[in-house]
Amino acid sequence: MNMTITLLVITLIAGVSLGFINDLTVGPKAQAKLERKISALKNVLPEFNNNPVDDVKLIKSDFAKDSIEIYTAFLDKEQTGTAIVSSSEKGYSGLIKIMVGFNPDGVIKNITVLEQKETPGLGTKMKGEKFIRQFRGKHPSKYNLKVKKDQGDVDALTGATITTRAFTEATQLAYDVFVENQIQSEN
C-alpha cells in the first residue's frame with residue numbers, strides 16, 4: 001500500500017510537471033516554426049515587402065495528406081511570386097515536405113526542403129545545392145518533372161531514386177496547384 005501511494009504521488013508530480021513545461025514551451029515552439037517558415041519564404045521567393053504568412057491560403061487536395069499552403073508575395077502591391085508548400089508520402093522513409101517558389105510566369109525560383117526522414121548520405125542529398133539547382137529557372141510545363149529513368153528531365157540522386165521520385169511528385173503537385181490558383185485568381 002505504501003509503495004502504491006508513493007508511485008501515485010510520483011506519477012502525479014511528474015504529470016503536472018510535464019504539463020507545466022509543455023505550456024511554457026508552446027509559445028517558443030510556435031515562434032521558432034514561424035521564423036523557419038519566414039526564412040524559407042525569403043529563400044524561395046523573389047523580393048517582397050508584404051507578409052505572406054498573414055495571407056496564407058489553405059486548400060485541400062486528394063493528393064496530399066495535409067492542406068496545401070499558398071503564400072503570395074508582393075512588392076509595393078505588385079505580385080512578385082508565389083510559394084507553395086507541397087508534400088509526398090512516397091519517399092523512401094515516408095513524408096517529404098517542400099516549399100516551391102514560383103515567379104509570376106510559373107518559372108521555379110527556388111525550392112526548400114521543409115521536412116524529410118530520408119537516409120542520411122543518400123536521400124538527404126535532396127537538400128543540397130547540386131540537386132536543387134536543376135529545378136531553378138525551369139518552367140514545369142516545358143521541363144518534365146520526372147526522373148530520367150521514367151522518361152523525365154530530372155537527374156536522380158545516386159542510390160535514392162525513390163526519394164527523387166517523391167521530390168519531383170511534390171514539385172509537380174506544387175506546380176499544378178500554382179496553375180489552378182492562377183486560373184482562379186483571373187476569374
# chains A, B, ... in the order shown; residues from 1 in each chain; ligands from 1

$ residues_around --residues "range 146-149 of chain A" --least-positions-apart "2" --cutoff "9 Å" --atoms "only C-alpha atoms" --output "list of chain:residue names"
A:Tyr143, A:Asn144, A:Gln151, A:Gly152, A:Asp153, A:Val154, A:Asp155, A:Ala156, A:Thr161, A:Thr164, A:Arg165, A:Thr168, A:Glu169, A:Gln172

$ residues_around --residues "Ser88 in chain A" --least-positions-apart "4" --cutoff "6 Å" --atoms "only C-alpha atoms" --output "ChimeraX atom specification"
/A:95-96,166,170

$ write_last_selection --atoms "N, CA and C atoms" --output "compact mmCIF listing (two decimals), in the first residue's frame"
# COMPACT_ATOMS: atom_id res chain seq x y z
N LEU A 95 7.20 10.75 -45.50
CA LEU A 95 6.87 12.13 -45.87
C LEU A 95 8.08 12.96 -46.31
N ILE A 96 7.89 13.65 -47.43
CA ILE A 96 8.81 14.68 -47.90
C ILE A 96 7.96 15.91 -48.10
N ALA A 166 9.68 11.00 -55.22
CA ALA A 166 8.78 11.67 -54.28
C ALA A 166 8.97 13.19 -54.34
N ALA A 170 6.11 15.91 -55.49
CA ALA A 170 5.71 17.06 -54.67
C ALA A 170 5.88 18.36 -55.45

$ residues_around --residues "Lys127 in chain A" --least-positions-apart "3" --cutoff "12 Å" --atoms "only C-alpha atoms" --output "list in words"
Ile96, Lys97, Ile98, Met99, Asn110, Ile111, Thr112, Val113, Leu114, Glu115, Gln116, Lys117, Glu118, Pro120, Gly121, Leu122, Gly123, Thr124, Lys130, Phe131, Ile132, Arg133, Leu157, Thr163, Thr164 and Phe167 of chain A

$ closest_residue --among "A:Lys57, A:Lys125, A:Lys65, A:Lys29" --to "Thr82 in chain A" --atoms "only C-alpha atoms"
A:Lys57

$ select_by_dssp --residues "range 23-159 of chain A" --states "helix (DSSP H, G or I)" --output "compact mmCIF listing (two decimals) with all heavy atoms, in the first residue's frame"
# COMPACT_ATOMS: atom_id res chain seq x y z
N ASP A 23 3.30 23.74 -21.42
CA ASP A 23 2.67 25.05 -21.54
C ASP A 23 3.70 26.16 -21.71
O ASP A 23 3.48 27.12 -22.43
CB ASP A 23 1.78 25.35 -20.33
CG ASP A 23 0.50 24.52 -20.32
OD1 ASP A 23 0.18 23.93 -21.37
OD2 ASP A 23 -0.16 24.47 -19.26
N LEU A 24 4.84 26.03 -21.03
CA LEU A 24 5.89 27.04 -21.14
C LEU A 24 6.55 27.06 -22.52
O LEU A 24 7.00 28.11 -22.98
CB LEU A 24 6.98 26.79 -20.09
CG LEU A 24 6.66 27.13 -18.64
CD1 LEU A 24 7.83 26.75 -17.74
CD2 LEU A 24 6.33 28.60 -18.48
N THR A 25 6.61 25.90 -23.17
CA THR A 25 7.33 25.81 -24.45
C THR A 25 6.44 25.97 -25.68
O THR A 25 6.98 26.08 -26.78
CB THR A 25 8.08 24.47 -24.54
OG1 THR A 25 7.14 23.39 -24.46
CG2 THR A 25 9.13 24.34 -23.47
N VAL A 26 5.13 26.01 -25.53
CA VAL A 26 4.24 26.13 -26.68
C VAL A 26 4.53 27.42 -27.47
O VAL A 26 4.67 27.38 -28.69
CB VAL A 26 2.75 26.08 -26.24
CG1 VAL A 26 1.83 26.53 -27.35
CG2 VAL A 26 2.40 24.67 -25.82
N GLY A 27 4.63 28.53 -26.79
CA GLY A 27 4.90 29.81 -27.46
C GLY A 27 6.23 29.83 -28.20
O GLY A 27 6.27 30.17 -29.39
N PRO A 28 7.33 29.49 -27.53
CA PRO A 28 8.62 29.48 -28.23
C PRO A 28 8.67 28.52 -29.41
O PRO A 28 9.30 28.81 -30.43
CB PRO A 28 9.62 29.07 -27.14
CG PRO A 28 8.98 29.51 -25.87
CD PRO A 28 7.51 29.32 -26.09
N LYS A 29 8.01 27.36 -29.30
CA LYS A 29 7.98 26.41 -30.42
C LYS A 29 7.24 27.01 -31.61
O LYS A 29 7.69 26.90 -32.75
CB LYS A 29 7.29 25.10 -30.01
CG LYS A 29 8.14 24.19 -29.16
CD LYS A 29 7.35 22.94 -28.83
CE LYS A 29 8.07 22.02 -27.89
NZ LYS A 29 7.25 20.86 -27.50
N ALA A 30 6.11 27.65 -31.35
CA ALA A 30 5.33 28.27 -32.43
C ALA A 30 6.13 29.39 -33.08
O ALA A 30 6.12 29.55 -34.30
CB ALA A 30 4.01 28.79 -31.89
N GLN A 31 6.83 30.19 -32.27
CA GLN A 31 7.65 31.29 -32.78
C GLN A 31 8.78 30.75 -33.66
O GLN A 31 9.06 31.28 -34.73
CB GLN A 31 8.22 32.12 -31.63
CG GLN A 31 9.03 33.31 -32.07
CD GLN A 31 8.22 34.35 -32.83
OE1 GLN A 31 7.03 34.52 -32.59
NE2 GLN A 31 8.85 35.02 -33.76
N ALA A 32 9.43 29.68 -33.22
CA ALA A 32 10.52 29.09 -33.98
C ALA A 32 10.00 28.55 -35.32
O ALA A 32 10.66 28.70 -36.36
CB ALA A 32 11.20 27.98 -33.18
N LYS A 33 8.84 27.93 -35.30
CA LYS A 33 8.24 27.39 -36.53
C LYS A 33 7.91 28.52 -37.51
O LYS A 33 8.17 28.41 -38.70
CB LYS A 33 6.97 26.60 -36.18
CG LYS A 33 6.37 25.87 -37.34
CD LYS A 33 5.19 25.02 -36.91
CE LYS A 33 4.61 24.29 -38.09
NZ LYS A 33 3.48 23.45 -37.74
N LEU A 34 7.38 29.62 -36.99
CA LEU A 34 7.06 30.78 -37.82
C LEU A 34 8.33 31.37 -38.44
O LEU A 34 8.37 31.70 -39.62
CB LEU A 34 6.33 31.85 -37.00
CG LEU A 34 5.98 33.14 -37.71
CD1 LEU A 34 5.02 32.89 -38.86
CD2 LEU A 34 5.39 34.14 -36.74
N GLU A 35 9.39 31.47 -37.65
CA GLU A 35 10.66 32.00 -38.15
C GLU A 35 11.26 31.11 -39.24
O GLU A 35 11.81 31.61 -40.21
CB GLU A 35 11.65 32.19 -37.00
CG GLU A 35 11.29 33.36 -36.10
CD GLU A 35 12.15 33.45 -34.84
OE1 GLU A 35 13.10 32.65 -34.69
OE2 GLU A 35 11.84 34.31 -34.00
N ARG A 36 11.14 29.78 -39.08
CA ARG A 36 11.62 28.86 -40.11
C ARG A 36 10.82 29.04 -41.41
O ARG A 36 11.38 29.01 -42.51
CB ARG A 36 11.53 27.41 -39.64
CG ARG A 36 12.65 26.99 -38.72
CD ARG A 36 12.72 25.49 -38.52
NE ARG A 36 11.47 24.85 -38.11
CZ ARG A 36 11.06 24.72 -36.85
NH1 ARG A 36 11.80 25.18 -35.86
NH2 ARG A 36 9.92 24.13 -36.58
N LYS A 37 9.51 29.25 -41.27
CA LYS A 37 8.66 29.43 -42.44
C LYS A 37 9.00 30.74 -43.16
O LYS A 37 9.12 30.77 -44.38
CB LYS A 37 7.19 29.42 -42.03
CG LYS A 37 6.26 29.32 -43.23
CD LYS A 37 4.91 28.83 -42.83
CE LYS A 37 4.99 27.34 -42.63
NZ LYS A 37 3.75 26.67 -42.40
N ILE A 38 9.21 31.82 -42.40
CA ILE A 38 9.56 33.11 -43.00
C ILE A 38 10.92 33.00 -43.69
O ILE A 38 11.11 33.52 -44.80
CB ILE A 38 9.55 34.23 -41.94
CG1 ILE A 38 8.11 34.50 -41.51
CG2 ILE A 38 10.20 35.50 -42.46
CD1 ILE A 38 7.96 35.41 -40.31
N SER A 39 11.86 32.31 -43.08
CA SER A 39 13.18 32.10 -43.68
C SER A 39 13.05 31.34 -45.00
O SER A 39 13.70 31.68 -46.00
CB SER A 39 14.08 31.35 -42.71
OG SER A 39 15.31 31.06 -43.31
N ALA A 40 12.22 30.30 -45.01
CA ALA A 40 12.01 29.52 -46.23
C ALA A 40 11.36 30.38 -47.31
O ALA A 40 11.75 30.30 -48.49
CB ALA A 40 11.15 28.29 -45.93
N LEU A 41 10.41 31.23 -46.93
CA LEU A 41 9.76 32.11 -47.91
C LEU A 41 10.77 33.07 -48.52
O LEU A 41 10.77 33.29 -49.73
CB LEU A 41 8.63 32.90 -47.24
CG LEU A 41 7.36 32.10 -46.93
CD1 LEU A 41 6.43 32.89 -46.01
CD2 LEU A 41 6.63 31.72 -48.21
N LYS A 42 11.66 33.60 -47.70
CA LYS A 42 12.69 34.52 -48.22
C LYS A 42 13.65 33.78 -49.16
O LYS A 42 14.18 34.37 -50.09
CB LYS A 42 13.47 35.15 -47.07
CG LYS A 42 12.66 36.18 -46.32
CD LYS A 42 13.45 36.76 -45.15
CE LYS A 42 12.61 37.78 -44.40
NZ LYS A 42 13.30 38.28 -43.20
N ASN A 43 13.84 32.50 -48.92
CA ASN A 43 14.75 31.70 -49.74
C ASN A 43 14.15 31.34 -51.10
O ASN A 43 14.87 31.28 -52.09
CB ASN A 43 15.13 30.42 -48.99
CG ASN A 43 16.16 29.60 -49.72
OD1 ASN A 43 17.07 30.11 -50.34
ND2 ASN A 43 16.00 28.30 -49.65
N VAL A 44 12.83 31.12 -51.16
CA VAL A 44 12.23 30.62 -52.41
C VAL A 44 11.53 31.69 -53.24
O VAL A 44 11.21 31.44 -54.40
CB VAL A 44 11.24 29.45 -52.16
CG1 VAL A 44 11.93 28.30 -51.47
CG2 VAL A 44 10.02 29.89 -51.41
N PRO A 52 3.57 37.47 -46.39
CA PRO A 52 2.79 36.39 -47.00
C PRO A 52 2.15 35.45 -45.97
O PRO A 52 1.11 34.85 -46.25
CB PRO A 52 3.80 35.63 -47.85
CG PRO A 52 4.95 36.54 -48.02
CD PRO A 52 4.96 37.45 -46.85
N VAL A 53 2.74 35.35 -44.80
CA VAL A 53 2.22 34.44 -43.78
C VAL A 53 0.83 34.89 -43.33
O VAL A 53 -0.04 34.06 -43.05
CB VAL A 53 3.18 34.35 -42.57
CG1 VAL A 53 2.61 33.51 -41.46
CG2 VAL A 53 4.52 33.78 -43.02
N ASP A 54 0.58 36.20 -43.31
CA ASP A 54 -0.72 36.72 -42.89
C ASP A 54 -1.83 36.37 -43.87
O ASP A 54 -2.99 36.25 -43.50
CB ASP A 54 -0.68 38.24 -42.73
CG ASP A 54 0.12 38.67 -41.51
OD1 ASP A 54 0.39 37.81 -40.63
OD2 ASP A 54 0.47 39.86 -41.43
N ASP A 55 -1.47 36.22 -45.14
CA ASP A 55 -2.47 35.98 -46.18
C ASP A 55 -2.42 34.56 -46.75
O ASP A 55 -2.77 34.35 -47.90
CB ASP A 55 -2.27 36.99 -47.32
CG ASP A 55 -2.39 38.42 -46.85
OD1 ASP A 55 -3.25 38.68 -45.99
OD2 ASP A 55 -1.61 39.27 -47.33
N GLY A 123 19.31 9.94 -49.50
CA GLY A 123 18.11 10.75 -49.73
C GLY A 123 18.22 12.16 -49.21
O GLY A 123 17.61 13.09 -49.76
N THR A 124 18.99 12.37 -48.16
CA THR A 124 19.11 13.73 -47.60
C THR A 124 19.84 14.68 -48.54
O THR A 124 19.79 15.89 -48.35
CB THR A 124 19.84 13.71 -46.23
OG1 THR A 124 21.12 13.10 -46.38
CG2 THR A 124 19.02 12.98 -45.19
N LYS A 125 20.49 14.13 -49.57
CA LYS A 125 21.17 14.99 -50.55
C LYS A 125 20.18 15.82 -51.36
O LYS A 125 20.58 16.71 -52.09
CB LYS A 125 22.04 14.14 -51.48
CG LYS A 125 23.27 13.60 -50.80
CD LYS A 125 24.14 12.84 -51.77
CE LYS A 125 25.38 12.31 -51.05
NZ LYS A 125 26.25 11.55 -51.96
N MET A 126 18.89 15.53 -51.21
CA MET A 126 17.88 16.34 -51.92
C MET A 126 17.89 17.78 -51.43
O MET A 126 17.40 18.67 -52.12
CB MET A 126 16.49 15.73 -51.76
CG MET A 126 15.86 15.99 -50.41
SD MET A 126 14.19 15.41 -50.34
CE MET A 126 14.30 14.35 -48.93
N LYS A 127 18.47 18.03 -50.26
CA LYS A 127 18.55 19.39 -49.73
C LYS A 127 19.76 20.14 -50.29
O LYS A 127 19.89 21.34 -50.10
CB LYS A 127 18.65 19.36 -48.19
CG LYS A 127 17.43 18.74 -47.53
CD LYS A 127 17.43 18.89 -46.04
CE LYS A 127 18.56 18.20 -45.35
NZ LYS A 127 18.47 18.21 -43.89
N GLU A 129 22.62 21.81 -52.85
CA GLU A 129 22.63 22.74 -53.97
C GLU A 129 22.71 22.02 -55.31
O GLU A 129 22.01 22.37 -56.27
CB GLU A 129 23.82 23.71 -53.81
CG GLU A 129 24.06 24.61 -54.99
CD GLU A 129 22.91 25.56 -55.31
OE1 GLU A 129 22.10 25.87 -54.41
OE2 GLU A 129 22.81 25.98 -56.47
N LYS A 130 23.53 20.99 -55.40
CA LYS A 130 23.72 20.26 -56.66
C LYS A 130 22.40 19.69 -57.17
O LYS A 130 22.12 19.72 -58.37
CB LYS A 130 24.75 19.14 -56.46
CG LYS A 130 25.10 18.41 -57.72
CD LYS A 130 26.15 17.35 -57.47
CE LYS A 130 26.44 16.56 -58.73
NZ LYS A 130 27.32 15.43 -58.49
N PHE A 131 21.58 19.17 -56.28
CA PHE A 131 20.30 18.59 -56.69
C PHE A 131 19.27 19.68 -56.99
O PHE A 131 18.61 19.65 -58.02
CB PHE A 131 19.78 17.64 -55.60
CG PHE A 131 18.46 17.01 -55.94
CD1 PHE A 131 18.37 16.04 -56.92
CD2 PHE A 131 17.30 17.38 -55.28
CE1 PHE A 131 17.16 15.45 -57.25
CE2 PHE A 131 16.09 16.80 -55.59
CZ PHE A 131 16.02 15.84 -56.57
N ILE A 132 19.14 20.64 -56.10
CA ILE A 132 18.10 21.68 -56.23
C ILE A 132 18.33 22.57 -57.45
O ILE A 132 17.37 23.00 -58.08
CB ILE A 132 18.05 22.55 -54.94
CG1 ILE A 132 17.74 21.69 -53.73
CG2 ILE A 132 17.09 23.71 -55.09
CD1 ILE A 132 16.34 21.57 -53.30
N LYS A 148 14.85 10.75 -64.98
CA LYS A 148 15.25 10.33 -66.33
C LYS A 148 14.91 8.87 -66.61
O LYS A 148 14.56 8.52 -67.73
CB LYS A 148 16.73 10.61 -66.56
CG LYS A 148 17.01 12.08 -66.75
CD LYS A 148 18.44 12.38 -67.11
CE LYS A 148 18.59 13.88 -67.33
NZ LYS A 148 19.94 14.28 -67.61
N LYS A 149 14.98 8.02 -65.57
CA LYS A 149 14.61 6.60 -65.73
C LYS A 149 13.15 6.46 -66.16
O LYS A 149 12.76 5.46 -66.74
CB LYS A 149 14.77 5.84 -64.41
CG LYS A 149 16.16 5.47 -64.05
CD LYS A 149 16.16 4.66 -62.76
CE LYS A 149 17.55 4.27 -62.33
NZ LYS A 149 17.55 3.51 -61.09
N ASP A 150 12.32 7.48 -65.81
CA ASP A 150 10.90 7.47 -66.13
C ASP A 150 10.59 8.41 -67.31
O ASP A 150 9.50 8.96 -67.40
CB ASP A 150 10.08 7.89 -64.91
CG ASP A 150 10.31 6.99 -63.71
OD1 ASP A 150 10.67 5.81 -63.90
OD2 ASP A 150 10.14 7.47 -62.56

$ select_by_dssp --residues "range 12-163 of chain A" --states "strand (DSSP E)" --output "ChimeraX atom specification"
/A:57-59,68-75,78-91,94-102,108-116

$ closest_residue --among "A:Tyr175, A:Val100, A:Phe48, A:Thr119" --to "Leu145 in chain A" --atoms "only C-alpha atoms"
A:Tyr175

$ closest_residue --among "A:Asn2, A:Tyr71, A:Val85, A:Leu45" --to "Thr171 in chain A" --atoms "only C-alpha atoms"
A:Val85

$ residues_around --residues "Lys138 in chain A" --least-positions-apart "3" --cutoff "9 Å" --atoms "only C-alpha atoms" --output "PyMOL selection string"
chain A and resi 106-109+134-135+141-143
